[in-house]
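Here is the file protein15.txt (compact mmCIF, C-alpha atoms and all ligand atoms).
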# COMPACT_ATOMS: atom_id res chain seq x y z
CA MET A 1 34.72 29.17 -51.09
CA THR A 2 31.82 28.16 -53.32
CA ILE A 3 29.89 30.67 -55.38
CA LEU A 4 26.36 29.68 -56.24
CA ILE A 5 25.43 30.89 -59.70
CA GLU A 6 22.14 29.13 -59.97
CA GLN A 7 19.46 28.41 -57.42
CA PRO A 8 19.04 24.61 -57.45
CA ASP A 9 15.49 23.27 -57.59
CA LEU A 10 13.91 22.23 -54.32
CA ASP A 11 14.08 18.50 -54.96
CA SER A 12 17.75 18.45 -55.63
CA ARG A 13 18.35 20.75 -52.64
CA ALA A 14 16.52 18.27 -50.45
CA GLU A 15 18.69 15.52 -51.90
CA ASP A 16 21.83 17.54 -51.26
CA LEU A 17 20.78 18.15 -47.70
CA GLN A 18 20.07 14.51 -47.17
CA LYS A 19 23.48 13.63 -48.60
CA LEU A 20 25.13 16.23 -46.40
CA SER A 21 23.42 14.92 -43.31
CA SER A 22 24.38 11.38 -44.13
CA ASP A 23 28.00 12.47 -44.75
CA ILE A 24 27.99 14.20 -41.40
CA ASN A 25 26.54 11.14 -39.80
CA GLU A 26 29.22 9.00 -41.39
CA LEU A 27 31.85 11.38 -40.08
CA VAL A 28 30.35 11.46 -36.64
CA LEU A 29 30.17 7.70 -36.58
CA ASP A 30 33.70 7.30 -37.82
CA GLY A 31 34.94 9.83 -35.33
CA GLY A 32 32.63 8.45 -32.71
CA PHE A 33 33.92 4.95 -32.64
CA VAL A 34 37.63 5.43 -32.46
CA VAL A 35 38.57 2.60 -30.22
CA PRO A 36 42.02 1.06 -30.65
CA LYS A 37 41.87 -2.21 -32.52
CA SER A 38 43.71 -5.05 -31.01
CA SER A 39 43.89 -8.74 -31.48
CA VAL A 40 42.58 -9.46 -27.98
CA SER A 41 40.01 -12.19 -27.93
CA CYS A 42 37.17 -12.29 -25.51
CA ASN A 43 38.38 -15.43 -23.82
CA GLY A 44 41.62 -13.65 -23.01
CA LEU A 45 39.42 -10.92 -21.50
CA GLU A 46 42.00 -8.26 -22.04
CA ALA A 47 39.54 -5.54 -22.78
CA GLU A 48 41.19 -3.50 -20.05
CA GLU A 49 44.19 -2.84 -22.24
CA LEU A 50 41.86 -1.91 -25.01
CA VAL A 51 39.76 0.47 -22.99
CA SER A 52 42.53 2.22 -21.16
CA ASN A 53 43.94 3.31 -24.53
CA ASN A 54 40.49 4.27 -25.58
CA ALA A 55 40.71 7.36 -27.76
CA PHE A 56 36.97 7.50 -27.95
CA LEU A 57 35.42 10.68 -29.32
CA ALA A 58 31.70 10.69 -28.74
CA PRO A 59 29.39 12.57 -31.08
CA GLU A 60 27.88 15.45 -29.17
CA ILE A 61 24.35 15.53 -30.44
CA ASN A 62 21.61 13.00 -30.98
CA SER A 63 19.30 12.82 -33.98
CA PHE A 64 16.99 15.44 -32.43
CA GLY A 65 19.92 17.87 -32.38
CA ARG A 66 20.25 17.66 -28.60
CA LEU A 67 22.83 16.28 -26.19
CA PHE A 68 22.68 12.52 -25.57
CA ARG A 69 21.00 11.46 -22.33
CA ASP A 70 20.14 14.99 -21.32
CA TYR A 71 17.44 14.27 -18.76
CA ASP A 72 17.15 17.88 -17.66
CA ALA A 73 16.38 19.45 -21.02
CA GLU A 74 13.20 21.50 -21.26
CA ASN A 75 11.00 19.91 -23.90
CA GLU A 76 7.91 17.76 -24.31
CA ARG A 77 9.81 14.54 -24.79
CA GLN A 78 11.75 15.05 -21.56
CA LYS A 79 8.51 15.59 -19.67
CA SER A 80 7.24 12.17 -20.67
CA VAL A 81 10.64 10.61 -19.98
CA GLU A 82 10.58 12.16 -16.51
CA GLU A 83 7.09 10.83 -15.89
CA PHE A 84 8.37 7.41 -16.96
CA TYR A 85 11.15 7.59 -14.32
CA ARG A 86 8.72 8.77 -11.64
CA LEU A 87 6.66 5.61 -12.13
CA GLN A 88 9.70 3.38 -12.43
CA HIS A 89 11.29 4.70 -9.24
CA ILE A 90 8.10 4.35 -7.24
CA ASN A 91 7.10 0.89 -8.43
CA GLN A 92 10.32 -1.13 -8.65
CA THR A 93 10.74 -2.71 -5.21
CA LEU A 94 12.78 -5.67 -3.99
CA ASP A 95 9.63 -7.68 -3.62
CA PHE A 96 8.51 -6.89 -7.17
CA VAL A 97 11.89 -7.86 -8.63
CA LYS A 98 11.90 -11.19 -6.79
CA ARG A 99 8.43 -12.04 -8.08
CA MET A 100 9.30 -11.09 -11.65
CA ARG A 101 12.50 -13.09 -11.73
CA GLU A 102 10.71 -16.14 -10.50
CA GLU A 103 7.78 -15.77 -12.84
CA TYR A 104 9.75 -15.02 -16.00
CA GLY A 105 12.52 -17.49 -15.10
CA LYS A 106 10.05 -20.24 -16.06
CA LEU A 107 10.38 -19.27 -19.75
CA ASN A 108 7.05 -20.84 -20.52
CA ARG A 109 5.43 -18.21 -22.71
CA VAL A 110 6.66 -18.50 -26.29
CA GLU A 111 9.01 -20.61 -28.45
CA MET A 112 10.74 -18.84 -31.29
CA SER A 113 14.11 -18.10 -32.84
CA ILE A 114 16.27 -15.07 -32.04
CA TRP A 115 15.60 -13.57 -35.46
CA GLU A 116 11.84 -13.93 -35.07
CA CYS A 117 12.18 -11.96 -31.87
CA CYS A 118 14.17 -9.20 -33.64
CA GLU A 119 11.24 -8.80 -36.01
CA LEU A 120 8.73 -8.73 -33.16
CA LEU A 121 10.61 -5.87 -31.58
CA ASN A 122 9.44 -3.57 -34.33
CA GLU A 123 6.06 -3.46 -32.61
CA VAL A 124 7.64 -1.99 -29.52
CA VAL A 125 7.96 1.66 -28.44
CA ASP A 126 10.40 2.60 -25.66
CA GLU A 127 9.09 5.59 -23.69
CA SER A 128 12.21 5.98 -21.57
CA ASP A 129 14.63 6.89 -24.32
CA PRO A 130 15.31 10.57 -25.02
CA ASP A 131 17.59 9.76 -27.98
CA LEU A 132 15.67 7.33 -30.10
CA ASP A 133 12.41 7.20 -31.98
CA GLU A 134 13.41 4.79 -34.74
CA PRO A 135 11.96 1.25 -34.88
CA GLN A 136 13.83 -0.93 -32.41
CA ILE A 137 15.14 -3.30 -35.07
CA MET A 138 17.07 -0.36 -36.53
CA HIS A 139 18.69 0.27 -33.16
CA LEU A 140 19.72 -3.38 -32.89
CA LEU A 141 21.26 -3.38 -36.34
CA GLN A 142 22.84 0.06 -36.01
CA SER A 143 24.62 -0.86 -32.81
CA ALA A 144 25.65 -4.28 -34.13
CA GLU A 145 26.96 -2.88 -37.42
CA ALA A 146 28.83 -0.07 -35.67
CA ILE A 147 30.62 -2.43 -33.29
CA ARG A 148 31.28 -4.89 -36.11
CA LYS A 149 33.04 -2.17 -38.06
CA ASP A 150 35.50 -1.49 -35.23
CA TYR A 151 35.85 -5.06 -33.93
CA PRO A 152 35.58 -7.19 -37.05
CA ASP A 153 37.03 -10.30 -35.39
CA GLU A 154 34.85 -10.32 -32.26
CA ASP A 155 31.73 -11.87 -33.74
CA TRP A 156 30.35 -12.52 -30.24
CA LEU A 157 30.19 -8.74 -29.74
CA HIS A 158 28.22 -8.29 -32.97
CA LEU A 159 25.63 -10.80 -31.83
CA THR A 160 25.55 -9.36 -28.32
CA ALA A 161 24.67 -5.97 -29.78
CA LEU A 162 22.00 -7.49 -31.98
CA ILE A 163 20.22 -9.17 -29.07
CA HIS A 164 20.87 -6.82 -26.14
CA ASP A 165 17.46 -5.12 -26.26
CA LEU A 166 15.30 -8.10 -27.28
CA GLY A 167 13.92 -8.30 -23.74
CA LYS A 168 11.72 -5.33 -24.61
CA VAL A 169 9.22 -7.84 -25.98
CA LEU A 170 8.01 -7.96 -22.37
CA LEU A 171 5.84 -5.03 -23.41
CA LEU A 172 3.87 -7.21 -25.84
CA PRO A 173 0.63 -8.93 -24.74
CA SER A 174 1.95 -12.45 -25.43
CA PHE A 175 4.77 -11.76 -22.95
CA GLY A 176 2.49 -10.44 -20.25
CA GLY A 177 2.21 -6.87 -21.59
CA LEU A 178 4.22 -5.36 -18.74
CA PRO A 179 4.07 -1.58 -18.22
CA GLN A 180 6.98 0.52 -19.54
CA TRP A 181 8.39 1.07 -16.03
CA ALA A 182 8.86 -2.71 -15.67
CA VAL A 183 10.70 -3.12 -18.98
CA VAL A 184 12.83 -0.17 -20.07
CA GLY A 185 14.89 2.68 -18.62
CA ASP A 186 18.12 2.63 -16.63
CA THR A 187 18.41 -0.08 -13.99
CA PHE A 188 19.56 0.04 -10.33
CA PRO A 189 19.92 -2.32 -7.36
CA LEU A 190 17.13 -2.99 -4.88
CA GLY A 191 17.76 -3.96 -1.26
CA CYS A 192 20.21 -1.12 -0.58
CA ALA A 193 20.05 2.69 -0.65
CA PHE A 194 19.17 4.33 -3.97
CA ASP A 195 22.30 6.11 -5.13
CA GLU A 196 22.28 9.70 -6.34
CA SER A 197 23.87 8.60 -9.61
CA ASN A 198 20.39 7.51 -10.75
CA VAL A 199 18.64 9.93 -13.10
CA HIS A 200 15.65 11.70 -11.53
CA HIS A 201 16.76 10.33 -8.19
CA LYS A 202 14.23 12.43 -6.26
CA TYR A 203 11.32 10.12 -7.15
CA PHE A 204 12.74 7.28 -5.07
CA LYS A 205 11.40 9.08 -2.00
CA GLU A 206 7.99 7.65 -2.81
CA ASN A 207 9.29 4.08 -3.18
CA PRO A 208 8.23 1.94 -0.16
CA ASP A 209 11.76 0.45 0.08
CA HIS A 210 13.12 3.94 0.64
CA SER A 211 11.78 4.02 4.18
CA ASN A 212 12.63 0.39 5.01
CA PRO A 213 15.63 0.40 7.39
CA ALA A 214 16.72 -3.05 6.15
CA TYR A 215 17.08 -1.68 2.62
CA ASN A 216 18.02 1.97 2.94
CA THR A 217 21.67 1.86 3.99
CA LYS A 218 24.72 1.86 1.71
CA TYR A 219 25.02 -1.95 1.83
CA GLY A 220 21.47 -2.85 2.82
CA ILE A 221 21.12 -6.63 2.46
CA TYR A 222 24.52 -6.92 0.69
CA SER A 223 28.17 -6.88 1.69
CA GLU A 224 31.34 -5.31 0.31
CA GLY A 225 32.41 -6.98 -2.97
CA CYS A 226 29.55 -9.49 -2.90
CA GLY A 227 29.42 -9.52 -6.72
CA LEU A 228 26.66 -8.24 -8.99
CA ASP A 229 25.40 -11.76 -9.54
CA ASN A 230 24.14 -11.65 -5.94
CA VAL A 231 22.49 -8.27 -6.30
CA MET A 232 18.82 -7.83 -7.21
CA ILE A 233 18.66 -5.30 -10.04
CA SER A 234 15.42 -3.60 -11.09
CA TRP A 235 13.37 -5.82 -13.38
CA GLY A 236 13.38 -5.14 -17.10
CA HIS A 237 14.61 -6.11 -20.54
CA ASP A 238 18.22 -6.63 -19.43
CA ASP A 239 17.69 -9.29 -16.79
CA TYR A 240 15.00 -10.99 -18.83
CA MET A 241 17.20 -11.35 -21.93
CA TYR A 242 20.07 -12.53 -19.73
CA LEU A 243 17.82 -15.29 -18.36
CA VAL A 244 16.63 -16.24 -21.84
CA ALA A 245 20.18 -16.49 -23.21
CA LYS A 246 21.56 -18.36 -20.21
CA GLU A 247 18.71 -20.81 -19.72
CA ASN A 248 18.64 -21.71 -23.41
CA GLY A 249 22.30 -22.66 -23.21
CA THR A 250 23.88 -20.00 -25.40
CA THR A 251 27.58 -20.51 -26.09
CA LEU A 252 28.23 -16.76 -25.96
CA PRO A 253 31.09 -15.95 -23.54
CA PRO A 254 30.47 -14.66 -19.97
CA ALA A 255 31.35 -11.10 -21.01
CA ALA A 256 28.42 -11.17 -23.46
CA LEU A 257 25.99 -12.25 -20.75
CA PHE A 258 27.34 -9.52 -18.49
CA ILE A 259 26.82 -6.89 -21.19
CA ILE A 260 23.25 -8.01 -21.83
CA ARG A 261 22.44 -8.10 -18.13
CA TYR A 262 23.89 -4.76 -17.09
CA HIS A 263 23.82 -2.58 -20.19
CA SER A 264 21.14 -0.28 -18.66
CA PHE A 265 22.99 -0.03 -15.35
CA TYR A 266 24.18 3.52 -16.14
CA PRO A 267 24.46 4.44 -12.45
CA LEU A 268 27.35 1.96 -12.31
CA HIS A 269 28.94 1.73 -15.75
CA THR A 270 28.79 5.43 -16.55
CA ALA A 271 28.28 7.29 -13.28
CA GLY A 272 30.50 5.03 -11.14
CA GLY A 273 27.98 4.42 -8.33
CA TYR A 274 27.50 1.07 -6.51
CA LYS A 275 31.11 -0.03 -7.19
CA HIS A 276 31.39 -1.39 -3.64
CA LEU A 277 29.10 -4.26 -4.66
CA MET A 278 31.37 -5.48 -7.47
CA ASN A 279 33.80 -8.39 -7.31
CA GLU A 280 36.90 -9.02 -9.40
CA GLU A 281 35.08 -10.73 -12.20
CA ASP A 282 32.62 -7.85 -12.48
CA THR A 283 35.55 -5.46 -12.77
CA LYS A 284 36.92 -7.41 -15.73
CA ASN A 285 33.58 -7.69 -17.46
CA LEU A 286 32.86 -4.02 -16.90
CA GLN A 287 35.66 -3.19 -19.34
CA TRP A 288 33.76 -4.92 -22.11
CA LEU A 289 30.49 -3.35 -21.07
CA ARG A 290 32.09 0.08 -21.37
CA VAL A 291 33.27 -0.69 -24.88
CA PHE A 292 29.80 -1.91 -25.79
CA ASN A 293 28.03 1.07 -24.24
CA LYS A 294 29.55 3.58 -26.68
CA TYR A 295 28.08 1.68 -29.60
CA ASP A 296 24.73 1.19 -27.89
CA LEU A 297 24.34 4.87 -27.15
CA TYR A 298 26.07 6.74 -29.95
CA SER A 299 24.96 4.60 -32.87
CA LYS A 300 21.40 5.87 -32.39
CA SER A 301 20.91 7.86 -35.58
CA LYS A 302 18.68 8.33 -38.60
CA GLU A 303 21.03 6.33 -40.82
CA PRO A 304 19.01 3.31 -41.99
CA ILE A 305 20.51 -0.17 -42.35
CA ASP A 306 19.51 -2.47 -45.19
CA VAL A 307 18.01 -5.32 -43.16
CA GLU A 308 17.92 -7.85 -46.01
CA LYS A 309 21.56 -7.20 -46.82
CA VAL A 310 22.93 -7.88 -43.34
CA LYS A 311 20.41 -10.54 -42.31
CA PRO A 312 22.40 -13.58 -43.63
CA TYR A 313 25.43 -12.57 -41.54
CA TYR A 314 23.41 -12.29 -38.34
CA LEU A 315 21.54 -15.52 -39.03
CA SER A 316 24.90 -17.28 -39.24
CA LEU A 317 25.90 -15.85 -35.84
CA ILE A 318 22.60 -16.87 -34.28
CA GLU A 319 23.15 -20.39 -35.57
CA LYS A 320 26.65 -20.42 -34.12
CA TYR A 321 25.70 -19.31 -30.61
CA PHE A 322 22.05 -20.37 -30.07
CA PRO A 323 19.75 -23.35 -30.64
CA GLN A 324 17.27 -22.87 -33.50
CA LYS A 325 14.13 -22.39 -31.39
CA ILE A 326 14.48 -21.09 -27.89
CA ARG A 327 12.15 -20.71 -24.89
CA TRP A 328 11.01 -17.23 -23.87
O1 LIG A 401 16.10 4.63 -22.34
C1 LIG A 401 17.10 3.69 -22.45
C2 LIG A 401 16.72 2.50 -23.29
O2 LIG A 401 15.50 1.99 -22.88
C3 LIG A 401 17.76 1.41 -23.33
O3 LIG A 401 17.37 0.26 -24.01
C4 LIG A 401 18.25 1.05 -21.98
O4 LIG A 401 19.21 0.08 -22.08
C5 LIG A 401 18.74 2.32 -21.32
O5 LIG A 401 19.52 2.18 -20.27
C6 LIG A 401 17.59 3.26 -21.13
O6 LIG A 401 17.90 4.32 -20.34
FE FE A 402 18.56 -1.49 -23.49
FE FE A 403 20.20 -0.46 -26.74
In structure tokens, how does this file's structure come out?
Ligand SMILES: O[C@H]1[C@H](O)[C@@H](O)[C@H](O)[C@@H](O)[C@H]1O
Ligand SMILES: [Fe+2]
Ligand SMILES: [Fe+2]
Amino acid sequence: MTILIEQPDLDSRAEDLQKLSSDINELVLDGGFVVPKSSVSCNGLEAEELVSNNAFLAPEINSFGRLFRDYDAENERQKSVEEFYRLQHINQTLDFVKRMREEYGKLNRVEMSIWECCELLNEVVDESDPDLDEPQIMHLLQSAEAIRKDYPDEDWLHLTALIHDLGKVLLLPSFGGLPQWAVVGDTFPLGCAFDESNVHHKYFKENPDHSNPAYNTKYGIYSEGCGLDNVMISWGHDDYMYLVAKENGTTLPPAALFIIRYHSFYPLHTAGGYKHLMNEEDTKNLQWLRVFNKYDLYSKSKEPIDVEKVKPYYLSLIEKYFPQKIRW
């Protein structure tokens, strides 16, 4: 027990509190990323072994003092998040996704390096996220540094974390200035019934595909085990960044591309919906995505990262896995 004999001045109390909160954060992070280390390499794709032993202890509260991904909480922020999902669920249709993929697949808008894009992301605000109001570059670095700490030898995972949300530049005018509902938020397949594992599922009722008999059955236009590569997923930052990485000839492994492409597909990777569309390869890659997801979600905190300090490391990874200038 501690006995306080003197009332500390306000400044030093504020400092103490800050220190305490950063210690707690440190603890939460340490406790939050307990994933068994192993020497598995990505090419061996033995993440399964790694995940099944996963002793993961997730932190319970986000930096607003609330549960992570609590879409039913009663507060102002949730109201705007819900409005975001209403628009997203009404406007994402199979036809829209097809048009977007074709249009953005041309990669004829901008030429720049990966790091330049990281810096651009600071201009971007994500209205779908109930857990984050820090600049996006902090989120990239926080998730990359957290996964690097637990998987020091898997440098491909560090870079994957750094770039996974870069597709959010679609919100910027030079990338077409798409509306939030066409860029962020959880993703889901089009061309088959909307599963109840989607958050705020009720708003799909107003989506024109909902009443189309070709699209509103369990399989819709797909078949059992057809593979996610053949499924049209709602358009946004995931699929765009996947296209950018792939078409610019990244040497990142397939698991990295899978993570980038499906990291917002919570209805599948967290809620377990739509599994009937997966093939064997998806099942293997999903193990890595699940590892990644913990770091993506639970590293969101107020703990700042010294950008200049870590920048040289990430520049070396970018150089290893990407050409200098790439097409966006
Ligand atoms: O609000 C979040 C955020 O926008 C993430 O970047 C995305 O990956 C999530 O799935 C989404 O729900
Ligand atoms: Fe994301
Ligand atoms: Fe993210």
**Request:** For ligand FE 403 (chain A), collect every residue having any atom at a distance of at most 8 Å from a ligand atom (counting all atoms listed in the file); output as a ChimeraX atom specification.
**Result:** /A:139-140,143,161,164-165,263,296-297
Produce a table with one row for each residue of region 175-279 of chain A that has an atom at most 10 Å from any atom of region 62-84 of chain A, each row naming the nearest atom pair and its distance in Å at one decimal; use all atoms listed in the file; arrange rows by chain and rising residue number; format as JSON lines.
{"residue": "A:Gln180", "atom": "CA", "partner": "A:Phe84", "partner_atom": "CA", "distance": 7.5}
{"residue": "A:Trp181", "atom": "CA", "partner": "A:Phe84", "partner_atom": "CA", "distance": 6.4}
{"residue": "A:Val184", "atom": "CA", "partner": "A:Phe84", "partner_atom": "CA", "distance": 9.3}
{"residue": "A:Gly185", "atom": "CA", "partner": "A:Phe84", "partner_atom": "CA", "distance": 8.2}
{"residue": "A:Val199", "atom": "CA", "partner": "A:Tyr71", "partner_atom": "CA", "distance": 7.2}
{"residue": "A:His200", "atom": "CA", "partner": "A:Glu82", "partner_atom": "CA", "distance": 7.1}
{"residue": "A:Tyr203", "atom": "CA", "partner": "A:Glu82", "partner_atom": "CA", "distance": 9.6}
Please write the residues from the selection above to a file, keeping C-alpha atoms, as a short mmCIF file (atom, residue, chain, number, x, y, z; two decimals), keeping the file's coordinate frame.
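Generated output (result.cif):
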data_model
loop_
_atom_site.label_atom_id
_atom_site.label_comp_id
_atom_site.auth_asym_id
_atom_site.auth_seq_id
_atom_site.Cartn_x
_atom_site.Cartn_y
_atom_site.Cartn_z
CA GLN A 180 6.98 0.52 -19.54
CA TRP A 181 8.39 1.07 -16.03
CA VAL A 184 12.83 -0.17 -20.07
CA GLY A 185 14.89 2.68 -18.62
CA VAL A 199 18.64 9.93 -13.10
CA HIS A 200 15.65 11.70 -11.53
CA TYR A 203 11.32 10.12 -7.15
#
**Request:** Record the distance separating CA of Asn212 (chain A) and CA of Asn198 (chain A), expressed in Å with one decimal.
**Result:** 19.0 Å
**Message:** Can you pull out every residue with an atom within 8 Å of ligand LIG 401 (chain A)? Use all atoms listed in the file and format it as a PyMOL selection string.
**Reply:** chain A and resi 126-131+165+168+184-187+237-238+263-266
**Nearest residue to ligand FE 402 (chain A) from the set A:Leu190, A:Ile260, A:Cys226, A:Ala182 (distances using all atoms listed in the file)** = A:Ile260
